[in-house]
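Colleague: The following block contains the structure, expressed as C-alpha cells.
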Amino acid sequence: MKLSERLLKFILKNKSVVKTDLVKEPFKTVCFFSNTAIGDTLFSTPVFRVFKQHYPDVKTIALLNPKNAKLFENDPNLDEIVLYNGRWKSFLKIRNILKSKNIDIAFLLHSNEPQATPLAFLSGVKYIFKLPNDRNYFNFLNSNKPTPYPENTHVVLSRLQQLEFIGIKSTDTRMQLFLNENDRNIARTILKRKHGQKIIGFQICASTNSRMWTIERWCELANLILKNNNTRIVLTGSPQEKVLTNILEEKINNNRVLNIAGKFNLSEAAAIIGELDALVTLDTGPLHIAAALRTPIIALFGVTNPYLLMPNFDTDLHKFIKVDFIADETYSKHKDYSYLMEKITANNVYIKLQEVINAL
C-alpha cells in the first residue's frame, strides 16, 4: 500500500456507511462508476439498461473515463455523465461535483482503487456497493460485505449481480452502443462498399504482448482473404497502434487494404466497425464494440478465458479460437506468453471466418 493510500485509510478508518445486502428505502439518484477501459465500460451497459427498465424515474449518473465517454453519450439509459480519469489530481474537483448531485446509491462497477470507494464516500453517498471487494483496502466503506470474484462467472453477469442489492435479478447480458447517424454516414462514406463486397476488419493490437498475434500470421490471413477479388480488409486501431498497422499494410501491399488506425475519433471508428461484415480481433476493446454493434467476430485468445469474456449473446455471429492454455500457480500477468498465440494458424482463423461470412 502506497503512502497516500495509508494516509487516506488512516483519515477514514473510523468512518462507516450503512451496511446491507438489500436497500429497502426509496431512492432518487444512483451513480454507476465505470471509468476505466472501453471494454470494461461496455460490460456495464447491460447494467444501465436493466436498471432503467426497473426504475425509469430514478436519475442515473455515470462516472466515465474522458478517453472513451463519447461512445456512451447517446445511451438513453443514462441521464447524466460525469468525467473522471481516476487520478488524484482531479479527485477533489470530482468529489465536489458528485456531492452536488445528492446521490443515494453508488454502484462501483469498474473503477480503480484507492480512489473509487473514498470518492463515493466523500461525495456523501449513503449506499456504496462493489463486487468483488475482498481485496479493496477501503471495503469497510462498502455497504456489502467483503466478497471475492465469483469463479467461472461471465464478466457481465458479475456486474449485473450488483443490482441484486436493490432487488433486481437479471441475466440480460446484451451490450449496446447508441451511435449517431452522422458517425454512421461517415463510416459508409469511408468504406465505399460495392455491391456484394465483403469487408473484413483486422484489430491487430492489444494491451499486452501475451494477447498479440504475429504480423506474419496477419499477413498470411490477409493473403487468404484477398484471394477472393470481392473482399477488402480494413485495419482498425488507435493512434498508438498506427506503427504496427503501417507495417502490416506495407507487407500485404494490396490496394484492397484500408488502414484507418488513428484517423478517426472513437465514435467514428466504432461506426466503421459497425459497418464491417466481420472483425478478426484480439482480446481487446474493439472486440466488445463489435459485439455491441452486432458485427460478427472471430476472436483470438491466448491466456485469457473467452468463456468469461466473449459475448454470450448472438453466439451464431461470434466465434473464437482459444490456445490450449490453463493458468496455474506459475501464471503471472507480468510474463510474456506471446509464444502461445503463434499456435493459432492463419488457416484456422480463415476457416472460422468463412463459417461466419457464409452464415450471413
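In the C-alpha cells, chains take the letters A, B, ... in the order shown, each chain's residues start at 1, and ligands count up from 1 in the order shown.
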Set the distance at 12 Å and use only C-alpha atoms: which residues neighbour segment 155-157 of chain A once local chain neighbours fewer than 3 positions away are removed? I'd like the list as a ChimeraX atom specification.
Modeller: /A:39-48,50,109-110,131-132,149-152,160-164,169-175,288,305-313
Colleague: Write out as JSON lines a residue-level contact list of segment 264-305 of chain A versus segment 176-185 of chain A with cut-off 8 Å: for each qualifying residue the closest pair of atoms and the distance in Å to one decimal, counting only C-alpha atoms, rows sorted by chain and residue number upward.
Modeller:
{"residue": "A:Ser267", "atom": "CA", "partner": "A:Asp183", "partner_atom": "CA", "distance": 6.6}
{"residue": "A:Glu268", "atom": "CA", "partner": "A:Asp183", "partner_atom": "CA", "distance": 5.0}
{"residue": "A:Ala271", "atom": "CA", "partner": "A:Arg184", "partner_atom": "CA", "distance": 5.3}
{"residue": "A:Ile272", "atom": "CA", "partner": "A:Arg184", "partner_atom": "CA", "distance": 7.3}
{"residue": "A:Ile289", "atom": "CA", "partner": "A:Leu177", "partner_atom": "CA", "distance": 7.6}
{"residue": "A:Ala292", "atom": "CA", "partner": "A:Gln176", "partner_atom": "CA", "distance": 4.5}
{"residue": "A:Leu293", "atom": "CA", "partner": "A:Leu177", "partner_atom": "CA", "distance": 6.4}
Colleague: Name all residues at most 8 Å from Gly124 of chain A (count only C-alpha atoms; drop same-chain ones fewer than 4 positions away) and give them as a PyMOL selection string.
Modeller: chain A and resi 99+102-103+120
Colleague: Keeping N, CA and C atoms for every residue in the selection just given, could you write it to a file as a PDB file, in the first residue's frame?
Modeller:
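The result, written out as again_16.pdb:
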ATOM      1  N   LYS A  99     -20.883  15.354  -5.065  1.00  0.00           N
ATOM      2  CA  LYS A  99     -21.587  15.729  -3.824  1.00  0.00           C
ATOM      3  C   LYS A  99     -22.794  16.613  -4.121  1.00  0.00           C
ATOM      4  N   ASN A 102     -26.398  14.817  -4.906  1.00  0.00           N
ATOM      5  CA  ASN A 102     -27.227  14.137  -3.890  1.00  0.00           C
ATOM      6  C   ASN A 102     -27.502  12.678  -4.268  1.00  0.00           C
ATOM      7  N   ILE A 103     -26.425  11.942  -4.462  1.00  0.00           N
ATOM      8  CA  ILE A 103     -26.509  10.543  -4.893  1.00  0.00           C
ATOM      9  C   ILE A 103     -26.874   9.640  -3.711  1.00  0.00           C
ATOM     10  N   ALA A 120     -16.617   7.897  -3.584  1.00  0.00           N
ATOM     11  CA  ALA A 120     -18.055   7.723  -3.347  1.00  0.00           C
ATOM     12  C   ALA A 120     -18.425   8.139  -1.930  1.00  0.00           C
TER      13      ALA A 120
END
Colleague: Neighbouring residues of Ser16 of chain A were defined as those with any atom within 9 Å, considering only C-alpha atoms; residues of the same chain fewer than 6 positions away were excluded. Please report them as a PyMOL selection string.
Modeller: chain A and resi 121+140-143
Colleague: How would the residues just chosen look if you wrote them out with C-alpha atoms as an mmCIF file, in the first residue's frame?
Modeller:
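File written: selection_34.cif
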data_model
loop_
_atom_site.group_PDB
_atom_site.id
_atom_site.type_symbol
_atom_site.label_atom_id
_atom_site.label_comp_id
_atom_site.auth_asym_id
_atom_site.auth_seq_id
_atom_site.Cartn_x
_atom_site.Cartn_y
_atom_site.Cartn_z
ATOM 1 C CA PHE A 121 -17.927 8.037 0.447
ATOM 2 C CA PHE A 140 -15.077 -1.030 5.299
ATOM 3 C CA LEU A 141 -16.735 1.813 3.364
ATOM 4 C CA ASN A 142 -18.678 -0.572 1.109
ATOM 5 C CA SER A 143 -22.253 -1.338 2.122
#
Colleague: Do a neighbour search on Asp328 of chain A at 12 Å with only C-alpha atoms, toss out local chain neighbours closer than 4 positions, and write the hits as a CSV table (one decimal) with C-alpha atoms, in the first residue's frame.
Modeller:
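What ended up in result-v1.csv:
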chain,number,residue,atom,x,y,z
A,303,VAL,CA,-4.0,-16.7,-21.8
A,332,SER,CA,1.6,-14.2,-13.9
A,333,LYS,CA,0.1,-11.4,-15.9
Colleague: Can you check which residues of segment 15-70 of chain A DSSP gives as helix (DSSP H, G or I) on the backbone and send them as a PyMOL selection string?
Modeller: chain A and resi 38-42+45-54+69-70
Colleague: Which residues are near Asn112 of chain A? Cut-off 10 Å, only C-alpha atoms, ignore same chain within fewer than 6 positions. Put them as a PyMOL selection string.
Modeller: chain A and resi 33-36+85-87+136
Colleague: Please run DSSP on the backbone and report, as a compact mmCIF listing (two decimals) with N, CA and C atoms, in the first residue's frame, all residues within segment 206-270 of chain A that come out as strand (DSSP E or B).
Modeller:
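And here's part.txt as it stands now:
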# COMPACT_ATOMS: atom_id res chain seq x y z
N THR A 231 -13.40 -9.12 -51.91
CA THR A 231 -13.19 -8.86 -50.48
C THR A 231 -12.24 -7.68 -50.30
N ARG A 232 -12.40 -7.01 -49.16
CA ARG A 232 -11.49 -5.94 -48.76
C ARG A 232 -11.17 -6.10 -47.27
N ILE A 233 -10.07 -5.50 -46.86
CA ILE A 233 -9.65 -5.56 -45.46
C ILE A 233 -9.49 -4.14 -44.92
N VAL A 234 -9.98 -3.92 -43.70
CA VAL A 234 -9.83 -2.64 -43.01
C VAL A 234 -9.01 -2.87 -41.75
N LEU A 235 -7.93 -2.11 -41.60
CA LEU A 235 -7.10 -2.20 -40.41
C LEU A 235 -7.55 -1.16 -39.40
N THR A 236 -8.09 -1.62 -38.28
CA THR A 236 -8.58 -0.70 -37.25
C THR A 236 -7.49 -0.49 -36.20
N VAL A 257 -6.64 -2.99 -49.19
CA VAL A 257 -6.44 -2.85 -47.75
C VAL A 257 -6.55 -1.37 -47.39
N LEU A 258 -7.44 -1.07 -46.44
CA LEU A 258 -7.64 0.31 -45.98
C LEU A 258 -7.18 0.41 -44.54
N ASN A 259 -6.20 1.24 -44.28
CA ASN A 259 -5.65 1.42 -42.95
C ASN A 259 -6.25 2.68 -42.32
Colleague: Give me the segment 288-323 of chain A side of the contact with segment 209-216 of chain A, cut-off 12 Å, one line per residue showing its nearest atom pair and distance in Å at one decimal, counting only C-alpha atoms, sorted by chain and residue number, as a tab-separated table.
Modeller:
residue	atom	partner	partner_atom	distance
A:Ala299	CA	A:Arg211	CA	10.6
A:Leu300	CA	A:Arg211	CA	8.0
A:Phe301	CA	A:Arg211	CA	6.8
A:Gly302	CA	A:Arg211	CA	6.1
A:Val303	CA	A:Ser210	CA	7.1
A:Thr304	CA	A:Arg211	CA	8.1
A:Asn305	CA	A:Arg211	CA	11.4
A:Lys322	CA	A:Arg211	CA	11.1
A:Val323	CA	A:Arg211	CA	10.8
